[in-house]
file coords-v6.pdb (PDB, C-alpha atoms)
MODEL        1
ATOM      1  CA  MET F 290     104.671  46.532 125.618
ATOM      2  CA  VAL F 291     101.987  47.298 128.211
ATOM      3  CA  THR F 292     100.961  44.216 130.122
ATOM      4  CA  SER F 293      99.152  43.712 133.394
ATOM      5  CA  ASP F 294     102.423  43.812 135.353
ATOM      6  CA  ALA F 295     103.499  47.085 133.757
ATOM      7  CA  VAL F 296     102.331  50.632 134.388
ATOM      8  CA  PRO F 297     100.814  52.228 131.235
ATOM      9  CA  ALA F 298     102.891  54.955 129.587
ATOM     10  CA  ARG F 299     101.704  58.509 130.349
ATOM     11  CA  PHE F 300     104.018  60.347 127.969
ATOM     12  CA  SER F 301     104.792  60.316 124.254
ATOM     13  CA  PRO F 302     107.786  61.534 122.264
ATOM     14  CA  GLY F 303     107.711  65.332 122.077
ATOM     15  CA  ASP F 304     105.972  65.777 125.436
ATOM     16  CA  ARG F 305     107.495  68.327 127.764
ATOM     17  CA  VAL F 306     108.231  66.843 131.182
ATOM     18  CA  ALA F 307     109.755  67.886 134.492
ATOM     19  CA  VAL F 308     111.862  65.665 136.724
ATOM     20  CA  ARG F 309     110.523  65.379 140.269
ATOM     21  CA  VAL F 310     112.530  66.973 143.028
ATOM     22  CA  ALA F 311     112.753  64.270 145.664
ATOM     23  CA  TYR F 312     115.572  62.727 147.644
ATOM     24  CA  PRO F 313     114.546  59.219 148.666
ATOM     25  CA  ILE F 314     117.234  56.988 150.129
ATOM     26  CA  GLY F 315     118.137  53.925 148.095
ATOM     27  CA  HIS F 316     119.208  52.750 144.658
ATOM     28  CA  VAL F 317     117.865  55.633 142.574
ATOM     29  CA  ARG F 318     118.816  55.912 138.888
ATOM     30  CA  THR F 319     117.786  59.568 138.528
ATOM     31  CA  PRO F 320     120.944  61.682 138.902
ATOM     32  CA  TYR F 321     120.791  64.601 141.330
ATOM     33  CA  TYR F 322     121.809  67.130 138.680
ATOM     34  CA  ILE F 323     118.668  66.534 136.624
ATOM     35  CA  ARG F 324     116.079  66.718 139.399
ATOM     36  CA  GLY F 325     113.816  69.728 138.947
ATOM     37  CA  LYS F 326     114.877  70.238 135.313
ATOM     38  CA  GLN F 327     112.566  70.259 132.295
ATOM     39  CA  GLY F 328     113.106  68.373 129.075
ATOM     40  CA  VAL F 329     111.367  66.743 126.130
ATOM     41  CA  VAL F 330     110.637  63.034 125.750
ATOM     42  CA  GLU F 331     112.871  61.682 122.981
ATOM     43  CA  ARG F 332     111.503  58.125 123.030
ATOM     44  CA  LEU F 333     109.796  55.520 125.130
ATOM     45  CA  CYS F 334     112.369  52.777 125.705
ATOM     46  CA  GLY F 335     109.899  50.168 126.957
ATOM     47  CA  THR F 336     108.986  49.045 130.450
ATOM     48  CA  TYR F 337     111.543  47.807 132.949
ATOM     49  CA  GLY F 338     111.601  46.564 136.519
ATOM     50  CA  ASN F 339     111.848  49.409 139.022
ATOM     51  CA  PRO F 340     115.544  49.543 140.066
ATOM     52  CA  GLU F 341     114.615  51.066 143.419
ATOM     53  CA  GLU F 342     112.858  47.770 144.208
ATOM     54  CA  LEU F 343     115.102  45.336 142.312
ATOM     55  CA  ALA F 344     118.153  46.540 144.245
ATOM     56  CA  TYR F 345     116.595  45.143 147.428
ATOM     57  CA  ALA F 346     115.746  41.753 145.913
ATOM     58  CA  ARG F 347     112.081  42.650 145.490
ATOM     59  CA  SER F 348     110.167  41.906 142.272
ATOM     60  CA  GLY F 349     110.461  45.368 140.703
ATOM     61  CA  LEU F 350     106.848  45.007 139.588
ATOM     62  CA  PRO F 351     104.870  46.629 138.222
ATOM     63  CA  ARG F 352     107.404  47.489 135.536
ATOM     64  CA  GLN F 353     107.793  51.212 134.912
ATOM     65  CA  PRO F 354     107.888  52.903 131.527
ATOM     66  CA  LEU F 355     111.415  54.154 130.853
ATOM     67  CA  TYR F 356     111.999  57.212 128.648
ATOM     68  CA  ARG F 357     114.930  58.933 127.082
ATOM     69  CA  VAL F 358     114.463  62.601 127.889
ATOM     70  CA  ARG F 359     116.418  65.335 126.133
ATOM     71  CA  PHE F 360     117.509  68.398 128.099
ATOM     72  CA  ARG F 361     119.192  71.563 126.877
ATOM     73  CA  GLN F 362     122.629  71.833 128.424
ATOM     74  CA  ASP F 363     122.253  75.563 129.100
ATOM     75  CA  GLU F 364     119.090  74.840 131.105
ATOM     76  CA  VAL F 365     120.750  72.066 133.105
ATOM     77  CA  TRP F 366     123.981  73.974 133.787
ATOM     78  CA  PRO F 367     123.515  77.746 134.032
ATOM     79  CA  ALA F 368     127.226  78.359 133.340
ATOM     80  CA  TYR F 369     127.280  76.120 130.252
ATOM     81  CA  SER F 370     129.419  77.678 127.569
ATOM     82  CA  GLY F 371     129.002  75.425 124.511
ATOM     83  CA  ASN F 372     126.581  75.645 121.596
ATOM     84  CA  ARG F 373     123.074  76.671 122.766
ATOM     85  CA  ASP F 374     121.646  73.572 121.081
ATOM     86  CA  ASP F 375     123.899  71.111 122.944
ATOM     87  CA  THR F 376     121.908  68.516 124.858
ATOM     88  CA  VAL F 377     122.127  65.824 127.475
ATOM     89  CA  ASP F 378     119.877  62.806 126.940
ATOM     90  CA  ILE F 379     119.052  60.724 130.013
ATOM     91  CA  GLU F 380     116.998  57.624 130.740
ATOM     92  CA  ILE F 381     114.370  58.424 133.344
ATOM     93  CA  PHE F 382     111.636  56.217 134.756
ATOM     94  CA  GLN F 383     108.063  57.450 134.531
ATOM     95  CA  HIS F 384     107.551  57.697 138.288
ATOM     96  CA  TRP F 385     110.204  60.426 138.293
ATOM     97  CA  LEU F 386     108.441  62.511 135.638
ATOM     98  CA  GLU F 387     105.593  65.010 135.732
ATOM     99  CA  PRO F 388     103.943  66.898 132.867
ATOM    100  CA  ALA F 389     105.511  70.341 132.362
TER     101      ALA F 389
ATOM    102  CA  MET E 188     171.049  43.897 136.048
ATOM    103  CA  ALA E 189     170.513  47.453 134.862
ATOM    104  CA  HIS E 190     170.195  50.216 137.432
ATOM    105  CA  ASP E 191     168.819  53.607 136.567
ATOM    106  CA  HIS E 192     170.190  55.444 139.571
ATOM    107  CA  ASP E 193     173.632  56.587 140.704
ATOM    108  CA  HIS E 194     175.805  54.381 142.806
ATOM    109  CA  HIS E 195     178.115  56.997 144.279
ATOM    110  CA  GLU E 196     176.074  57.230 147.476
ATOM    111  CA  HIS E 197     176.719  53.562 148.166
ATOM    112  CA  ASP E 198     180.482  53.818 148.263
ATOM    113  CA  ASP E 199     180.514  52.478 151.813
ATOM    114  CA  ALA E 200     179.911  49.086 150.198
ATOM    115  CA  LYS E 201     176.754  48.295 152.201
ATOM    116  CA  PRO E 202     174.524  45.799 150.496
ATOM    117  CA  HIS E 203     172.431  47.633 148.048
ATOM    118  CA  ARG E 204     168.645  47.421 148.694
ATOM    119  CA  HIS E 205     165.771  47.665 146.286
ATOM    120  CA  PRO E 206     162.262  48.191 147.593
ATOM    121  CA  ILE E 207     160.863  44.791 148.429
ATOM    122  CA  ARG E 208     157.508  43.764 147.093
ATOM    123  CA  ALA E 209     155.352  43.048 150.131
ATOM    124  CA  ASP E 210     154.376  39.417 150.695
ATOM    125  CA  GLN E 211     150.803  40.648 151.083
ATOM    126  CA  ASP E 212     150.720  42.734 147.891
ATOM    127  CA  ASP E 213     146.962  42.713 147.461
ATOM    128  CA  THR E 214     144.110  44.549 149.123
ATOM    129  CA  ILE E 215     140.999  42.863 150.318
ATOM    130  CA  THR E 216     138.024  45.173 150.374
ATOM    131  CA  THR E 217     134.582  44.452 151.792
ATOM    132  CA  TRP E 218     133.211  43.847 148.312
ATOM    133  CA  ARG E 219     135.999  41.479 147.345
ATOM    134  CA  ALA E 220     135.567  39.527 150.566
ATOM    135  CA  MET E 221     131.851  39.291 149.819
ATOM    136  CA  GLU E 222     132.477  38.137 146.238
ATOM    137  CA  ILE E 223     134.876  35.432 147.414
ATOM    138  CA  ALA E 224     132.418  34.260 150.077
ATOM    139  CA  VAL E 225     129.422  34.172 147.702
ATOM    140  CA  ARG E 226     131.437  32.437 145.001
ATOM    141  CA  GLY E 227     132.570  29.806 147.538
ATOM    142  CA  LEU E 228     128.990  29.201 148.624
ATOM    143  CA  LEU E 229     127.718  28.877 145.042
ATOM    144  CA  ILE E 230     130.457  26.362 144.273
ATOM    145  CA  ASP E 231     129.944  24.407 147.540
ATOM    146  CA  LYS E 232     126.218  24.167 146.861
ATOM    147  CA  GLY E 233     126.871  22.924 143.343
ATOM    148  CA  ILE E 234     125.058  25.880 141.702
ATOM    149  CA  LEU E 235     128.174  26.883 139.751
ATOM    150  CA  SER E 236     131.508  25.201 139.242
ATOM    151  CA  ALA E 237     134.835  26.951 139.597
ATOM    152  CA  ASP E 238     135.445  26.185 135.934
ATOM    153  CA  GLU E 239     132.216  27.925 134.909
ATOM    154  CA  VAL E 240     133.231  31.016 136.866
ATOM    155  CA  ARG E 241     136.681  30.961 135.300
ATOM    156  CA  ARG E 242     135.199  30.486 131.839
ATOM    157  CA  GLN E 243     132.884  33.482 132.342
ATOM    158  CA  VAL E 244     135.812  35.676 133.363
ATOM    159  CA  GLU E 245     137.773  34.437 130.367
ATOM    160  CA  ASP E 246     134.825  35.157 128.019
ATOM    161  CA  MET E 247     134.522  38.640 129.469
ATOM    162  CA  ASP E 248     138.231  39.316 129.012
ATOM    163  CA  ASN E 249     138.068  38.056 125.439
ATOM    164  CA  ARG E 250     135.447  40.574 124.331
ATOM    165  CA  THR E 251     137.029  43.406 122.408
ATOM    166  CA  PRO E 252     135.968  46.506 120.456
ATOM    167  CA  LEU E 253     136.327  44.380 117.325
ATOM    168  CA  GLN E 254     132.676  43.383 117.704
ATOM    169  CA  GLY E 255     131.529  47.001 117.710
ATOM    170  CA  ALA E 256     133.846  47.802 114.807
ATOM    171  CA  ARG E 257     132.229  45.070 112.686
ATOM    172  CA  VAL E 258     128.800  46.567 113.331
ATOM    173  CA  VAL E 259     130.018  50.077 112.444
ATOM    174  CA  ALA E 260     131.768  48.966 109.255
ATOM    175  CA  ARG E 261     128.641  47.159 108.054
ATOM    176  CA  ALA E 262     126.521  50.247 108.763
ATOM    177  CA  TRP E 263     128.948  52.380 106.718
ATOM    178  CA  THR E 264     128.661  50.104 103.706
ATOM    179  CA  ASP E 265     124.984  49.092 103.799
ATOM    180  CA  PRO E 266     122.331  51.838 104.170
ATOM    181  CA  GLU E 267     119.554  49.334 104.917
ATOM    182  CA  TYR E 268     121.651  47.822 107.681
ATOM    183  CA  CYS E 269     122.405  51.295 109.015
ATOM    184  CA  LYS E 270     118.656  51.956 109.283
ATOM    185  CA  LEU E 271     118.174  48.719 111.215
ATOM    186  CA  LEU E 272     121.106  49.533 113.507
ATOM    187  CA  LEU E 273     119.619  52.917 114.400
ATOM    188  CA  THR E 274     116.131  51.515 115.066
ATOM    189  CA  ASP E 275     116.909  48.119 116.629
ATOM    190  CA  GLY E 276     120.547  47.828 117.643
ATOM    191  CA  ASN E 277     120.220  44.338 119.121
ATOM    192  CA  ALA E 278     118.600  42.904 115.991
ATOM    193  CA  ALA E 279     121.324  44.541 113.901
ATOM    194  CA  CYS E 280     124.038  42.840 115.966
ATOM    195  CA  GLU E 281     122.349  39.487 115.586
ATOM    196  CA  ALA E 282     121.894  39.991 111.841
ATOM    197  CA  ILE E 283     125.660  39.820 111.294
ATOM    198  CA  GLY E 284     126.414  37.106 113.829
ATOM    199  CA  VAL E 285     127.459  39.416 116.679
ATOM    200  CA  ASP E 286     126.105  38.718 120.175
ATOM    201  CA  ARG E 287     122.804  40.604 120.507
ATOM    202  CA  GLY E 288     123.694  41.390 124.127
ATOM    203  CA  PRO E 289     121.814  41.342 127.415
ATOM    204  CA  TYR E 290     120.674  44.997 127.279
ATOM    205  CA  THR E 291     118.762  47.152 124.829
ATOM    206  CA  LEU E 292     121.270  48.783 122.494
ATOM    207  CA  VAL E 293     120.732  52.387 121.447
ATOM    208  CA  VAL E 294     122.991  53.490 118.587
ATOM    209  CA  VAL E 295     123.505  57.232 118.129
ATOM    210  CA  GLU E 296     124.800  58.500 114.817
ATOM    211  CA  ASN E 297     127.451  61.155 114.358
ATOM    212  CA  THR E 298     126.785  63.418 111.397
ATOM    213  CA  GLU E 299     128.319  66.597 110.049
ATOM    214  CA  HIS E 300     126.015  68.507 112.434
ATOM    215  CA  VAL E 301     125.908  66.317 115.546
ATOM    216  CA  HIS E 302     128.579  64.710 117.714
ATOM    217  CA  ASN E 303     127.547  62.162 120.347
ATOM    218  CA  VAL E 304     129.454  61.094 123.445
ATOM    219  CA  ILE E 305     128.561  58.496 126.074
ATOM    220  CA  VAL E 306     128.953  58.561 129.843
ATOM    221  CA  CYS E 307     127.444  56.794 132.801
ATOM    222  CA  THR E 308     127.453  59.444 135.518
ATOM    223  CA  LEU E 309     126.108  57.038 138.143
ATOM    224  CA  CYS E 310     128.531  54.148 137.646
ATOM    225  CA  SER E 311     130.133  52.602 134.544
ATOM    226  CA  CYS E 312     127.361  51.178 132.292
ATOM    227  CA  TYR E 313     128.953  50.205 128.990
ATOM    228  CA  PRO E 314     128.080  47.890 126.051
ATOM    229  CA  ARG E 315     130.601  45.243 127.100
ATOM    230  CA  TRP E 316     129.416  42.679 124.593
ATOM    231  CA  LEU E 317     130.464  45.063 121.799
ATOM    232  CA  LEU E 318     133.433  46.915 123.316
ATOM    233  CA  GLY E 319     134.841  44.632 126.019
ATOM    234  CA  LEU E 320     135.654  45.996 129.466
ATOM    235  CA  PRO E 321     135.443  49.777 129.860
ATOM    236  CA  PRO E 322     138.734  51.708 130.097
ATOM    237  CA  ASP E 323     139.670  53.016 133.543
ATOM    238  CA  TRP E 324     139.097  56.637 132.552
ATOM    239  CA  TYR E 325     135.489  55.827 131.587
ATOM    240  CA  LYS E 326     134.901  54.738 135.190
ATOM    241  CA  SER E 327     136.797  57.646 136.743
ATOM    242  CA  ARG E 328     135.016  60.301 138.743
ATOM    243  CA  SER E 329     136.791  62.943 136.697
ATOM    244  CA  TYR E 330     135.414  61.813 133.323
ATOM    245  CA  ARG E 331     131.958  61.091 134.700
ATOM    246  CA  SER E 332     131.539  64.406 136.472
ATOM    247  CA  ARG E 333     133.121  66.605 133.801
ATOM    248  CA  VAL E 334     132.024  65.250 130.434
ATOM    249  CA  ILE E 335     128.437  65.803 131.488
ATOM    250  CA  ASN E 336     128.714  69.576 131.912
ATOM    251  CA  GLN E 337     131.826  70.536 129.925
ATOM    252  CA  PRO E 338     131.851  67.949 127.146
ATOM    253  CA  ARG E 339     133.685  70.155 124.668
ATOM    254  CA  ASP E 340     136.596  70.757 127.071
ATOM    255  CA  VAL E 341     136.872  67.077 127.937
ATOM    256  CA  LEU E 342     136.762  66.112 124.252
ATOM    257  CA  LYS E 343     139.574  68.599 123.609
ATOM    258  CA  GLU E 344     141.650  66.875 126.289
ATOM    259  CA  PHE E 345     141.197  63.707 124.235
ATOM    260  CA  GLY E 346     142.434  65.606 121.190
ATOM    261  CA  THR E 347     138.943  65.857 119.729
ATOM    262  CA  THR E 348     137.850  69.364 118.807
ATOM    263  CA  VAL E 349     134.195  69.658 117.890
ATOM    264  CA  SER E 350     133.508  72.870 116.000
ATOM    265  CA  ASP E 351     131.289  75.472 117.682
ATOM    266  CA  ASP E 352     128.550  75.208 115.075
ATOM    267  CA  MET E 353     128.069  71.483 115.682
ATOM    268  CA  ILE E 354     125.705  70.128 118.326
ATOM    269  CA  VAL E 355     127.195  67.986 121.077
ATOM    270  CA  ARG E 356     124.848  65.450 122.606
ATOM    271  CA  VAL E 357     125.955  63.772 125.812
ATOM    272  CA  HIS E 358     124.090  60.547 126.575
ATOM    273  CA  ASP E 359     123.943  59.629 130.243
ATOM    274  CA  SER E 360     123.517  55.861 130.459
ATOM    275  CA  THR E 361     121.507  55.797 133.681
ATOM    276  CA  ALA E 362     119.284  52.735 133.402
ATOM    277  CA  ASP E 363     118.561  49.804 131.086
ATOM    278  CA  MET E 364     119.878  51.086 127.728
ATOM    279  CA  ARG E 365     123.454  50.684 126.531
ATOM    280  CA  TYR E 366     124.921  53.049 123.966
ATOM    281  CA  LEU E 367     127.168  52.852 120.947
ATOM    282  CA  VAL E 368     128.251  55.835 118.876
ATOM    283  CA  LEU E 369     128.160  55.273 115.135
ATOM    284  CA  PRO E 370     131.120  57.435 114.090
ATOM    285  CA  LYS E 371     131.199  59.386 110.853
ATOM    286  CA  ARG E 372     132.821  57.441 108.045
ATOM    287  CA  PRO E 373     136.084  59.167 107.180
ATOM    288  CA  GLY E 374     136.737  60.551 103.734
ATOM    289  CA  GLY E 375     139.113  58.780 101.397
ATOM    290  CA  THR E 376     137.606  55.352 102.058
ATOM    291  CA  ASP E 377     135.362  54.953  99.018
ATOM    292  CA  GLY E 378     135.176  51.398  97.860
ATOM    293  CA  TRP E 379     136.906  50.019 100.945
ATOM    294  CA  SER E 380     135.935  46.546 102.129
ATOM    295  CA  GLU E 381     134.139  46.084 105.439
ATOM    296  CA  GLU E 382     137.244  44.432 106.920
ATOM    297  CA  LYS E 383     139.462  47.330 105.945
ATOM    298  CA  LEU E 384     136.955  49.855 107.316
ATOM    299  CA  ALA E 385     136.500  47.915 110.569
ATOM    300  CA  ALA E 386     140.237  48.183 111.193
ATOM    301  CA  LEU E 387     139.885  52.002 111.338
ATOM    302  CA  VAL E 388     137.169  51.978 113.998
ATOM    303  CA  THR E 389     138.481  52.384 117.542
ATOM    304  CA  ARG E 390     136.948  51.894 120.961
ATOM    305  CA  ASP E 391     137.211  55.598 121.762
ATOM    306  CA  ALA E 392     135.401  56.538 118.549
ATOM    307  CA  MET E 393     132.524  54.257 119.568
ATOM    308  CA  ILE E 394     132.358  55.917 123.009
ATOM    309  CA  GLY E 395     132.420  59.270 121.226
ATOM    310  CA  VAL E 396     135.641  60.775 122.592
ATOM    311  CA  ALA E 397     137.422  60.473 119.238
ATOM    312  CA  PHE E 398     136.742  60.719 115.525
ATOM    313  CA  VAL E 399     137.634  58.034 113.048
ATOM    314  CA  ASP E 400     140.437  59.668 111.117
ATOM    315  CA  THR E 401     140.910  59.700 107.407
ATOM    316  CA  PRO E 402     143.625  57.133 106.714
TER     317      PRO E 402
ENDMDL
END

call {"tool": "encode", "arguments": {"input": "coords-v6.pdb", "output": "structure tokens"}}
result
Amino acid sequence: MVTSDAVPARFSPGDRVAVRVAYPIGHVRTPYYIRGKQGVVERLCGTYGNPEELAYARSGLPRQPLYRVRFRQDEVWPAYSGNRDDTVDIEIFQHWLEPA
Amino acid sequence: MAHDHDHHEHDDAKPHRHPIRADQDDTITTWRAMEIAVRGLLIDKGILSADEVRRQVEDMDNRTPLQGARVVARAWTDPEYCKLLLTDGNAACEAIGVDRGPYTLVVVENTEHVHNVIVCTLCSCYPRWLLGLPPDWYKSRSYRSRVINQPRDVLKEFGTTVSDDMIVRVHDSTADMRYLVLPKRPGGTDGWSEEKLAALVTRDAMIGVAFVDTP
């Protein structure tokens, strides 16, 4: 999966991560509601071209590791009223994640 | 011609008018104008033909949830296949002659403890090669903004009540994965053929807003 045109993966399933709080202009695939929240890596999906570059007809290289990260709903939405174990799972690119 | 309104207000015998459909009954947005212009250029330059474009649209319109239902029915009847589907969705599609698709397929399994539901909060990402075009509600701002933080209420609006002791997992399809829910096989279907089972599996069940009901 890791080749010379791809960034090596920093995280493994089970790692606790935090989503960066940043507001760059452009084609960003990290929803606002999840920025600043903490979750756990569910899986590494592989490496994919960076959408923030691809959207402007650039190469998207180096490819970025993409993860599925699992968040607890009651940590994402303070007023959440469902089961405490309910989750939201989101694909997030590595450059949006920090160790938590 | 049938009329569904009263005529007594027209007793002065004036000609009776129906609303007229405007000659220009279409809207042309920026994006549509751009699509028409780019398509014209591609055809003029010989990169695509009009027939190829038409064929692609026709292919897209011909995709239906039947493809997804075939995959689900096989997974219900073949535990080895089910394992493959949950670990490598694209390979599992290909294994039964279904298009493997242009995106990585993640299949999430409903169990007696977990209910999964899919949304794309950013736009309308959807496994079109398995389910066809997404329904309008899937693309609506209302569904996208509400199922993410009040999934149980939205599911109830669809007539789907998930009990409090079950876990609801919402999957936000934000990037390069596409998602299919593997619904729970309904009771009362022991010994059913794959074809008969596939006929029970609906689009909404594979998005996760419905259960597959016991027949």

call {"tool": "residues_near_point", "arguments": {"input": "coords-v6.pdb", "point": "(116.6, 49.4, 126.2)", "cutoff": "8 Å", "atoms": "only C-alpha atoms", "output": "ChimeraX atom specification"}}
result
/F:334-335 /E:290-293,363-365

call {"tool": "resolve_selection", "arguments": {"input": "coords-v6.pdb", "expression": "the ChimeraX specification (/F :<12) & /E", "output": "JSON, numbers by chain"}}
result
{"E": [274, 275, 290, 291, 292, 293, 295, 300, 301, 302, 303, 304, 305, 306, 307, 308, 309, 310, 312, 331, 332, 333, 334, 335, 336, 337, 338, 339, 340, 341, 349, 350, 351, 352, 353, 354, 355, 356, 357, 358, 359, 360, 361, 362, 363, 364, 365, 366]}

call {"tool": "atom_distance", "arguments": {"input": "coords-v6.pdb", "atom1": "atom CA of Arg372 of chain E", "atom2": "atom CA of Gly346 of chain E"}}
result
18.2 Å

call {"tool": "atom_distance", "arguments": {"input": "coords-v6.pdb", "atom1": "atom CA of Thr216 of chain E", "atom2": "atom CA of Ala344 of chain F"}}
result
20.8 Å

call {"tool": "resolve_selection", "arguments": {"input": "coords-v6.pdb", "expression": "the PyMOL selection byres ((chain F and resi 383) around 9)", "output": "list of chain:residue names"}}
result
F:Val296, F:Ala298, F:Arg299, F:Phe300, F:Gln353, F:Pro354, F:Leu355, F:Tyr356, F:Ile381, F:Phe382, F:His384, F:Trp385, F:Leu386, F:Glu387

call {"tool": "atom_distance", "arguments": {"input": "coords-v6.pdb", "atom1": "atom CA of Asp212 of chain E", "atom2": "atom CA of Gly319 of chain E"}}
result
27.1 Å

call {"tool": "resolve_selection", "arguments": {"input": "coords-v6.pdb", "expression": "the PyMOL selection byres ((chain E and resi 368) around 6)", "output": "ChimeraX atom specification"}}
result
/E:294-296,367,369-370,393-395

call {"tool": "closest_residue", "arguments": {"input": "coords-v6.pdb", "among": "E:Gly227, E:Gly276, E:Pro252, E:Pro289", "to": "Asp391 of chain E", "atoms": "all atoms listed in the file"}}
result
E:Pro252

call {"tool": "residues_around", "arguments": {"input": "coords-v6.pdb", "residues": "segment 277-281 of chain E", "least_positions_apart": "6", "cutoff": "8 Å", "atoms": "all atoms listed in the file", "output": "PDB file with C-alpha atoms, in the frame of the given file"}}
result
ATOM      1  CA  VAL E 258     128.800  46.567 113.331  1.00  0.00           C
ATOM      2  CA  TYR E 268     121.651  47.822 107.681  1.00  0.00           C
ATOM      3  CA  LEU E 271     118.174  48.719 111.215  1.00  0.00           C
ATOM      4  CA  ARG E 287     122.804  40.604 120.507  1.00  0.00           C
ATOM      5  CA  GLY E 288     123.694  41.390 124.127  1.00  0.00           C
ATOM      6  CA  THR E 291     118.762  47.152 124.829  1.00  0.00           C
ATOM      7  CA  LEU E 292     121.270  48.783 122.494  1.00  0.00           C
TER       8      LEU E 292
END

call {"tool": "closest_residue", "arguments": {"input": "coords-v6.pdb", "among": "E:Thr401, E:Ile283, E:Ala220, E:Asp210", "to": "Ala256 of chain E", "atoms": "all atoms listed in the file"}}
result
E:Ile283

call {"tool": "residues_around", "arguments": {"input": "coords-v6.pdb", "residues": "segment 239-243 of chain E", "least_positions_apart": "3", "cutoff": "12 Å", "atoms": "all atoms listed in the file", "output": "mmCIF file with C-alpha atoms, in the frame of the given file"}}
result
data_model
loop_
_atom_site.group_PDB
_atom_site.id
_atom_site.type_symbol
_atom_site.label_atom_id
_atom_site.label_comp_id
_atom_site.auth_asym_id
_atom_site.auth_seq_id
_atom_site.Cartn_x
_atom_site.Cartn_y
_atom_site.Cartn_z
ATOM 1 C CA GLU E 222 132.477 38.137 146.238
ATOM 2 C CA ILE E 223 134.876 35.432 147.414
ATOM 3 C CA VAL E 225 129.422 34.172 147.702
ATOM 4 C CA ARG E 226 131.437 32.437 145.001
ATOM 5 C CA GLY E 227 132.570 29.806 147.538
ATOM 6 C CA LEU E 229 127.718 28.877 145.042
ATOM 7 C CA ILE E 230 130.457 26.362 144.273
ATOM 8 C CA GLY E 233 126.871 22.924 143.343
ATOM 9 C CA ILE E 234 125.058 25.880 141.702
ATOM 10 C CA LEU E 235 128.174 26.883 139.751
ATOM 11 C CA SER E 236 131.508 25.201 139.242
ATOM 12 C CA ASP E 246 134.825 35.157 128.019
ATOM 13 C CA MET E 247 134.522 38.640 129.469
ATOM 14 C CA ASP E 248 138.231 39.316 129.012
ATOM 15 C CA ASN E 249 138.068 38.056 125.439
ATOM 16 C CA ARG E 250 135.447 40.574 124.331
#

call {"tool": "closest_residue", "arguments": {"input": "coords-v6.pdb", "among": "F:Val330, F:His316, F:Ser293, F:Asp304", "to": "Leu343 of chain F", "atoms": "only C-alpha atoms"}}
result
F:His316

call {"tool": "decode", "arguments": {"input": "coords-v6.pdb", "residues": "segment 315-353 of chain E", "atoms": "C-alpha atoms", "output": "short mmCIF file (atom, residue, chain, number, x, y, z; two decimals), in the first residue's frame"}}
result
data_model
loop_
_atom_site.label_atom_id
_atom_site.label_comp_id
_atom_site.auth_asym_id
_atom_site.auth_seq_id
_atom_site.Cartn_x
_atom_site.Cartn_y
_atom_site.Cartn_z
CA ARG E 315 -24.59 3.67 -7.64
CA TRP E 316 -23.27 0.53 -9.29
CA LEU E 317 -25.20 -1.52 -6.70
CA LEU E 318 -28.23 0.67 -5.95
CA GLY E 319 -28.72 2.90 -9.00
CA LEU E 320 -29.28 6.63 -8.60
CA PRO E 321 -29.80 7.87 -5.03
CA PRO E 322 -33.35 8.86 -4.02
CA ASP E 323 -34.02 12.59 -3.70
CA TRP E 324 -34.37 12.42 0.08
CA TYR E 325 -30.85 10.94 0.35
CA LYS E 326 -29.53 14.12 -1.28
CA SER E 327 -31.74 16.48 0.72
CA ARG E 328 -30.27 18.86 3.26
CA SER E 329 -32.84 17.66 5.77
CA TYR E 330 -31.77 14.00 5.71
CA ARG E 331 -28.08 14.83 5.55
CA SER E 332 -28.10 17.27 8.44
CA ARG E 333 -30.48 15.35 10.70
CA VAL E 334 -29.64 11.67 10.36
CA ILE E 335 -26.13 12.47 11.52
CA ASN E 336 -27.12 13.78 14.95
CA GLN E 337 -30.62 12.38 15.53
CA PRO E 338 -30.52 9.10 13.63
CA ARG E 339 -33.11 7.39 15.80
CA ASP E 340 -35.70 10.14 15.20
CA VAL E 341 -35.07 10.15 11.46
CA LEU E 342 -35.31 6.35 11.32
CA LYS E 343 -38.64 6.58 13.15
CA GLU E 344 -39.89 8.97 10.48
CA PHE E 345 -39.10 6.21 7.99
CA GLY E 346 -41.14 3.82 10.13
CA THR E 347 -38.03 2.13 11.49
CA THR E 348 -37.84 1.94 15.26
CA VAL E 349 -34.50 0.76 16.59
CA SER E 350 -34.79 -0.39 20.19
CA ASP E 351 -32.93 1.62 22.84
CA ASP E 352 -30.61 -1.23 23.77
CA MET E 353 -29.28 -1.55 20.22
#
